[in-house]
Every structure is written in C-alpha cells, then in structure tokens.
>>> print(open('my_file01.txt').read())   # compact mmCIF, C-alpha atoms
# COMPACT_ATOMS: atom_id res chain seq x y z
CA MET A 1 -7.27 4.68 -15.64
CA ASN A 2 -3.49 4.37 -15.41
CA ASP A 3 -0.93 3.83 -12.63
CA GLU A 4 -0.57 7.56 -11.96
CA GLN A 5 -4.31 8.02 -11.48
CA TYR A 6 -4.62 4.96 -9.23
CA ILE A 7 -1.63 5.93 -7.05
CA ASP A 8 -3.18 9.38 -6.63
CA ILE A 9 -6.30 7.71 -5.21
CA ALA A 10 -4.17 5.84 -2.66
CA ILE A 11 -2.44 9.11 -1.75
CA GLU A 12 -5.82 10.85 -1.38
CA ILE A 13 -6.92 8.11 1.00
CA SER A 14 -3.73 8.69 3.01
CA LYS A 15 -4.59 12.40 3.33
CA LYS A 16 -7.97 11.59 4.89
CA ALA A 17 -6.80 8.69 7.05
CA LYS A 18 -5.91 9.07 10.71
CA TYR A 19 -2.39 7.90 9.82
CA PRO A 20 -0.79 8.94 6.49
CA TYR A 21 -1.05 5.66 4.61
CA GLY A 22 -3.51 4.56 1.96
CA ALA A 23 -3.99 1.63 -0.40
CA ILE A 24 -6.32 0.35 -3.10
CA VAL A 25 -6.64 -2.97 -4.90
CA VAL A 26 -7.44 -2.93 -8.62
CA ARG A 27 -8.48 -5.89 -10.73
CA ASP A 28 -9.61 -5.77 -14.36
CA GLY A 29 -9.67 -1.95 -14.26
CA GLU A 30 -11.98 -1.80 -11.21
CA ILE A 31 -11.14 -0.70 -7.69
CA ILE A 32 -12.24 -3.66 -5.59
CA GLY A 33 -10.62 -2.81 -2.25
CA ARG A 34 -9.76 0.33 -0.29
CA SER A 35 -8.09 1.00 3.02
CA ASP A 36 -9.83 4.30 3.71
CA ASP A 37 -9.42 5.46 7.32
CA LYS A 38 -9.11 2.19 9.24
CA THR A 39 -5.32 2.04 9.18
CA LEU A 40 -2.39 1.54 11.51
CA MET A 41 -3.51 0.75 15.03
CA GLU A 42 -7.04 2.01 14.48
CA THR A 43 -8.18 -1.47 15.40
CA SER A 44 -4.78 -3.09 16.07
CA MET A 45 -1.11 -2.57 15.32
CA PHE A 46 -1.58 -4.94 12.39
CA SER A 47 -4.20 -2.76 10.69
CA HIS A 48 -1.96 -1.42 7.93
CA ALA A 49 -3.39 0.16 4.78
CA GLU A 50 -2.32 -2.73 2.56
CA LEU A 51 -3.95 -5.33 4.79
CA LYS A 52 -7.17 -3.32 5.04
CA ALA A 53 -7.35 -2.91 1.25
CA ILE A 54 -6.71 -6.64 0.75
CA GLU A 55 -9.37 -7.50 3.32
CA SER A 56 -11.80 -5.07 1.68
CA ALA A 57 -11.21 -6.62 -1.76
CA SER A 58 -11.63 -10.11 -0.36
CA LYS A 59 -14.90 -9.27 1.36
CA ASN A 60 -16.38 -7.11 -1.40
CA LYS A 61 -15.80 -9.60 -4.16
CA ASN A 62 -15.70 -12.83 -2.14
CA LEU A 63 -12.12 -13.30 -3.29
CA TYR A 64 -10.51 -14.78 -0.19
CA GLY A 65 -7.16 -16.11 -1.32
CA ASP A 66 -7.96 -15.28 -4.95
CA LEU A 67 -6.38 -11.91 -5.73
CA LYS A 68 -3.96 -13.41 -8.24
CA GLY A 69 -3.43 -10.98 -11.08
CA ALA A 70 -4.61 -7.90 -9.17
CA THR A 71 -2.57 -4.74 -8.61
CA ILE A 72 -2.13 -2.99 -5.27
CA TYR A 73 -1.40 0.74 -5.12
CA VAL A 74 0.09 2.01 -1.87
CA SER A 75 1.02 5.49 -0.72
CA CYS A 76 4.12 4.10 1.02
CA GLU A 77 6.38 1.13 0.32
CA PRO A 78 5.03 -1.94 2.14
CA CYS A 79 6.64 -3.15 5.35
CA MET A 80 7.74 -6.79 5.69
CA MET A 81 4.38 -7.90 7.06
CA CYS A 82 2.38 -6.24 4.29
CA MET A 83 4.76 -7.39 1.57
CA GLY A 84 4.29 -10.93 2.86
CA ALA A 85 0.52 -10.59 2.45
CA ILE A 86 0.92 -9.13 -1.05
CA LEU A 87 3.14 -12.02 -2.09
CA TYR A 88 0.89 -14.58 -0.41
CA GLU A 89 -2.12 -13.26 -2.35
CA GLU A 90 -0.09 -13.48 -5.59
CA PHE A 91 -0.64 -9.91 -6.77
CA SER A 92 0.88 -9.41 -10.21
CA LYS A 93 1.85 -5.79 -9.59
CA LEU A 94 2.71 -3.44 -6.74
CA VAL A 95 2.90 0.33 -7.21
CA TYR A 96 4.03 2.54 -4.35
CA ALA A 97 4.74 6.24 -3.85
CA CYS A 98 7.14 7.07 -1.01
CA THR A 99 9.67 4.70 0.52
CA LEU A 100 9.97 3.21 3.99
CA GLN A 101 13.00 5.47 4.42
CA ASP A 102 10.80 8.48 3.56
CA SER A 103 8.33 7.39 6.23
CA ASN A 104 11.19 6.94 8.67
CA ASP A 105 12.63 10.38 7.86
CA ASN A 106 9.35 12.31 7.72
CA TYR A 107 6.81 10.61 9.98
CA CYS A 108 7.69 7.65 12.21
CA PRO A 109 10.40 5.01 12.70
CA GLU A 110 10.27 2.11 10.27
CA ILE A 111 12.16 -1.14 9.88
CA ILE A 112 13.86 -0.62 6.54
CA THR A 113 13.79 -3.70 4.33
CA ASP A 114 14.89 -4.45 0.79
CA ILE A 115 11.69 -4.97 -1.19
CA ASN A 116 13.60 -6.73 -3.97
CA VAL A 117 14.87 -9.35 -1.52
CA LEU A 118 11.38 -9.81 -0.06
CA SER A 119 9.82 -10.20 -3.52
CA SER A 120 12.36 -12.89 -4.39
CA TYR A 121 10.52 -15.21 -1.97
CA SER A 122 7.37 -15.11 -4.07
CA LYS A 123 6.41 -18.19 -6.04
CA ASN A 124 5.21 -15.86 -8.82
CA LYS A 125 6.88 -12.85 -10.42
CA ILE A 126 5.56 -9.52 -9.21
CA GLU A 127 6.13 -6.29 -11.11
CA ILE A 128 7.12 -3.46 -8.77
CA VAL A 129 6.77 0.20 -9.75
CA LYS A 130 8.69 2.29 -7.23
CA GLU A 131 8.34 5.90 -6.11
CA LEU A 132 5.48 6.97 -8.42
CA HIS A 133 4.36 10.42 -7.24
CA ARG A 134 6.75 10.11 -4.30
CA ASP A 135 6.78 13.85 -3.57
CA LYS A 136 3.00 13.93 -3.13
CA ALA A 137 3.15 11.11 -0.58
CA ILE A 138 6.03 12.75 1.31
CA GLU A 139 3.94 15.94 1.56
CA VAL A 140 1.21 13.91 3.29
CA LEU A 141 3.72 12.39 5.75
CA ASN A 142 5.00 15.85 6.63
CA ALA A 143 1.51 17.33 6.98
CA LYS A 144 0.41 14.52 9.34
CA LYS A 145 3.60 14.87 11.39
CA ARG A 146 2.84 18.54 12.05
CA ASN A 147 -0.70 17.74 13.25
>>> encode(input="my_file01.txt", output="structure tokens")
Amino acid sequence: MNDEQYIDIAIEISKKAKYPYGAIVVRDGEIIGRSDDKTLMETSMFSHAELKAIESASKNKNLYGDLKGATIYVSCEPCMMCMGAILYEEFSKLVYACTLQDSNDNYCPEIITDINVLSSYSKNKIEIVKELHRDKAIEVLNAKKRN
C-alpha cells in the first residue's frame, strides 16, 4: 500500500468516529495501531486519535516506547500534545490530510501551531507529508459539524 491508501484509511476511521478524527500507525507495511471510535473526549479530553493509535500499536505489538521507524497517518494535522507524542516515539514519518486551520474553520476551535517548529525539537529527523487528500478530510469535518 502507499501513502494515499493509508491516509484514506485514517479518513475512513474519522467518518465513523464520534468526532471527525482518525489515525493509524504503520510499520513494515502493516497497520499495527488504529484509533477507531475512541477519540477526543470519549474517555478524556486527552483521547485524541493520534494517541489512541499509538496506544493501540503499543499494546498490540508490545512496542511500548519502540515505535521508531513507524509512520503515522492522521486525518488532521496533529495538535501540540499529539505532535509531542509522535516525536517522543521517534516516528520516522507523519502524513496528515487537513490542517489545524481547516479543523478550526470547519469544525471546532483549535490552537494553531507551526508543525515545522514543533518537529525541530525532535532528536531524530521526521519526514512530514502535508495535506494529502485534504479535501476528503475537510468533507468529513463539515459533515460532522452539520450533525
């Protein structure tokens, strides 16, 4: 599978979730973590899609603190908290669809951050692919806002 196919899976998760955000973790071509529907204040205000996917990958593969080299695909650009977790876990790649500004404009208020500045704090280089299938993710934000 390629980045476009994986980001579509994250977007599909966001369509089915209570809140319009979805994430998956991929390592060695295998999806090892998913956020599914337990996102954003389902269990607490810290239950964001990225954190749930990371937790799922860690539990499913017994990889606590060992996600170095994995890729995370997210339907929306990570917030500061989630980006911190991604950097802490030493992911090699982040792919996201819509931006925090898109979420702010189309669904709910967000604290807008500069992801490039945040990634500069990482001890390892992370590749960031921005706005892949952005329009699809914005459609989900708008659909959830109307509901």
>>> closest_atom_pairs(input="my_file01.txt", of="range 21-116 of chain A", to="range 132-143 of chain A", cutoff="8 Å", atoms="only C-alpha atoms", output="CSV")
residue,atom,partner,partner_atom,distance
A:Ser75,CA,A:Ala137,CA,6.0
A:Cys76,CA,A:Ala137,CA,7.3
A:Val95,CA,A:Leu132,CA,7.2
A:Tyr96,CA,A:Leu132,CA,6.2
A:Ala97,CA,A:Arg134,CA,4.4
A:Cys98,CA,A:Arg134,CA,4.5
A:Thr99,CA,A:Arg134,CA,7.8
A:Asp102,CA,A:Ile138,CA,6.8
A:Ser103,CA,A:Leu141,CA,6.8
A:Asn106,CA,A:Asn142,CA,5.7
A:Tyr107,CA,A:Leu141,CA,5.5
>>> write_last_selection(input="my_file01.txt", atoms="C-alpha atoms", output="mmCIF file, in the coordinates of the input")
data_model
loop_
_atom_site.group_PDB
_atom_site.id
_atom_site.type_symbol
_atom_site.label_atom_id
_atom_site.label_comp_id
_atom_site.auth_asym_id
_atom_site.auth_seq_id
_atom_site.Cartn_x
_atom_site.Cartn_y
_atom_site.Cartn_z
ATOM 1 C CA SER A 75 1.020 5.490 -0.720
ATOM 2 C CA CYS A 76 4.120 4.100 1.020
ATOM 3 C CA VAL A 95 2.900 0.330 -7.210
ATOM 4 C CA TYR A 96 4.030 2.540 -4.350
ATOM 5 C CA ALA A 97 4.740 6.240 -3.850
ATOM 6 C CA CYS A 98 7.140 7.070 -1.010
ATOM 7 C CA THR A 99 9.670 4.700 0.520
ATOM 8 C CA ASP A 102 10.800 8.480 3.560
ATOM 9 C CA SER A 103 8.330 7.390 6.230
ATOM 10 C CA ASN A 106 9.350 12.310 7.720
ATOM 11 C CA TYR A 107 6.810 10.610 9.980
#
>>> atom_distance(input="my_file01.txt", atom1="CA of Ser35 in chain A", atom2="CA of Asn2 in chain A")
19.3 Å
>>> closest_residue(input="my_file01.txt", among="A:Lys16, A:Gln101, A:Asp3, A:Lys52", to="Lys144 in chain A", atoms="only C-alpha atoms")
A:Lys16
>>> residues_near_point(input="my_file01.txt", point="(-11.1, 2.0, -0.2)", cutoff="8 Å", atoms="all atoms listed in the file", output="ChimeraX atom specification")
/A:13,23-24,31-36,53,56
>>> closest_atom_pairs(input="my_file01.txt", of="range 1-76 of chain A", to="range 116-127 of chain A", cutoff="12 Å", atoms="only C-alpha atoms", output="CSV")
residue,atom,partner,partner_atom,distance
A:Lys68,CA,A:Asn124,CA,9.5
A:Gly69,CA,A:Ile126,CA,9.3
A:Ala70,CA,A:Ile126,CA,10.3
A:Thr71,CA,A:Glu127,CA,9.2
A:Ile72,CA,A:Glu127,CA,10.6
A:Tyr73,CA,A:Glu127,CA,11.9
>>> atom_distance(input="my_file01.txt", atom1="CA of Glu77 in chain A", atom2="CA of Asp28 in chain A")
22.8 Å
>>> closest_residue(input="my_file01.txt", among="A:Glu50, A:Asp66, A:Glu110, A:Glu55", to="Leu94 in chain A", atoms="all atoms listed in the file")
A:Glu50
>>> closest_residue(input="my_file01.txt", among="A:Met81, A:Glu131, A:Lys145, A:Leu87", to="Lys18 in chain A", atoms="only C-alpha atoms")
A:Lys145
>>> closest_residue(input="my_file01.txt", among="A:Ser47, A:Pro78, A:Ala85, A:Tyr19", to="Ile111 in chain A", atoms="all atoms listed in the file")
A:Pro78
>>> atom_distance(input="my_file01.txt", atom1="CA of Glu89 in chain A", atom2="CA of Lys59 in chain A")
13.9 Å
>>> closest_residue(input="my_file01.txt", among="A:Thr113, A:Met45, A:Glu30, A:Leu51", to="Val74 in chain A", atoms="only C-alpha atoms")
A:Leu51
>>> closest_residue(input="my_file01.txt", among="A:Val25, A:Asp8, A:Ile115, A:Asp105", to="Phe91 in chain A", atoms="all atoms listed in the file")
A:Val25
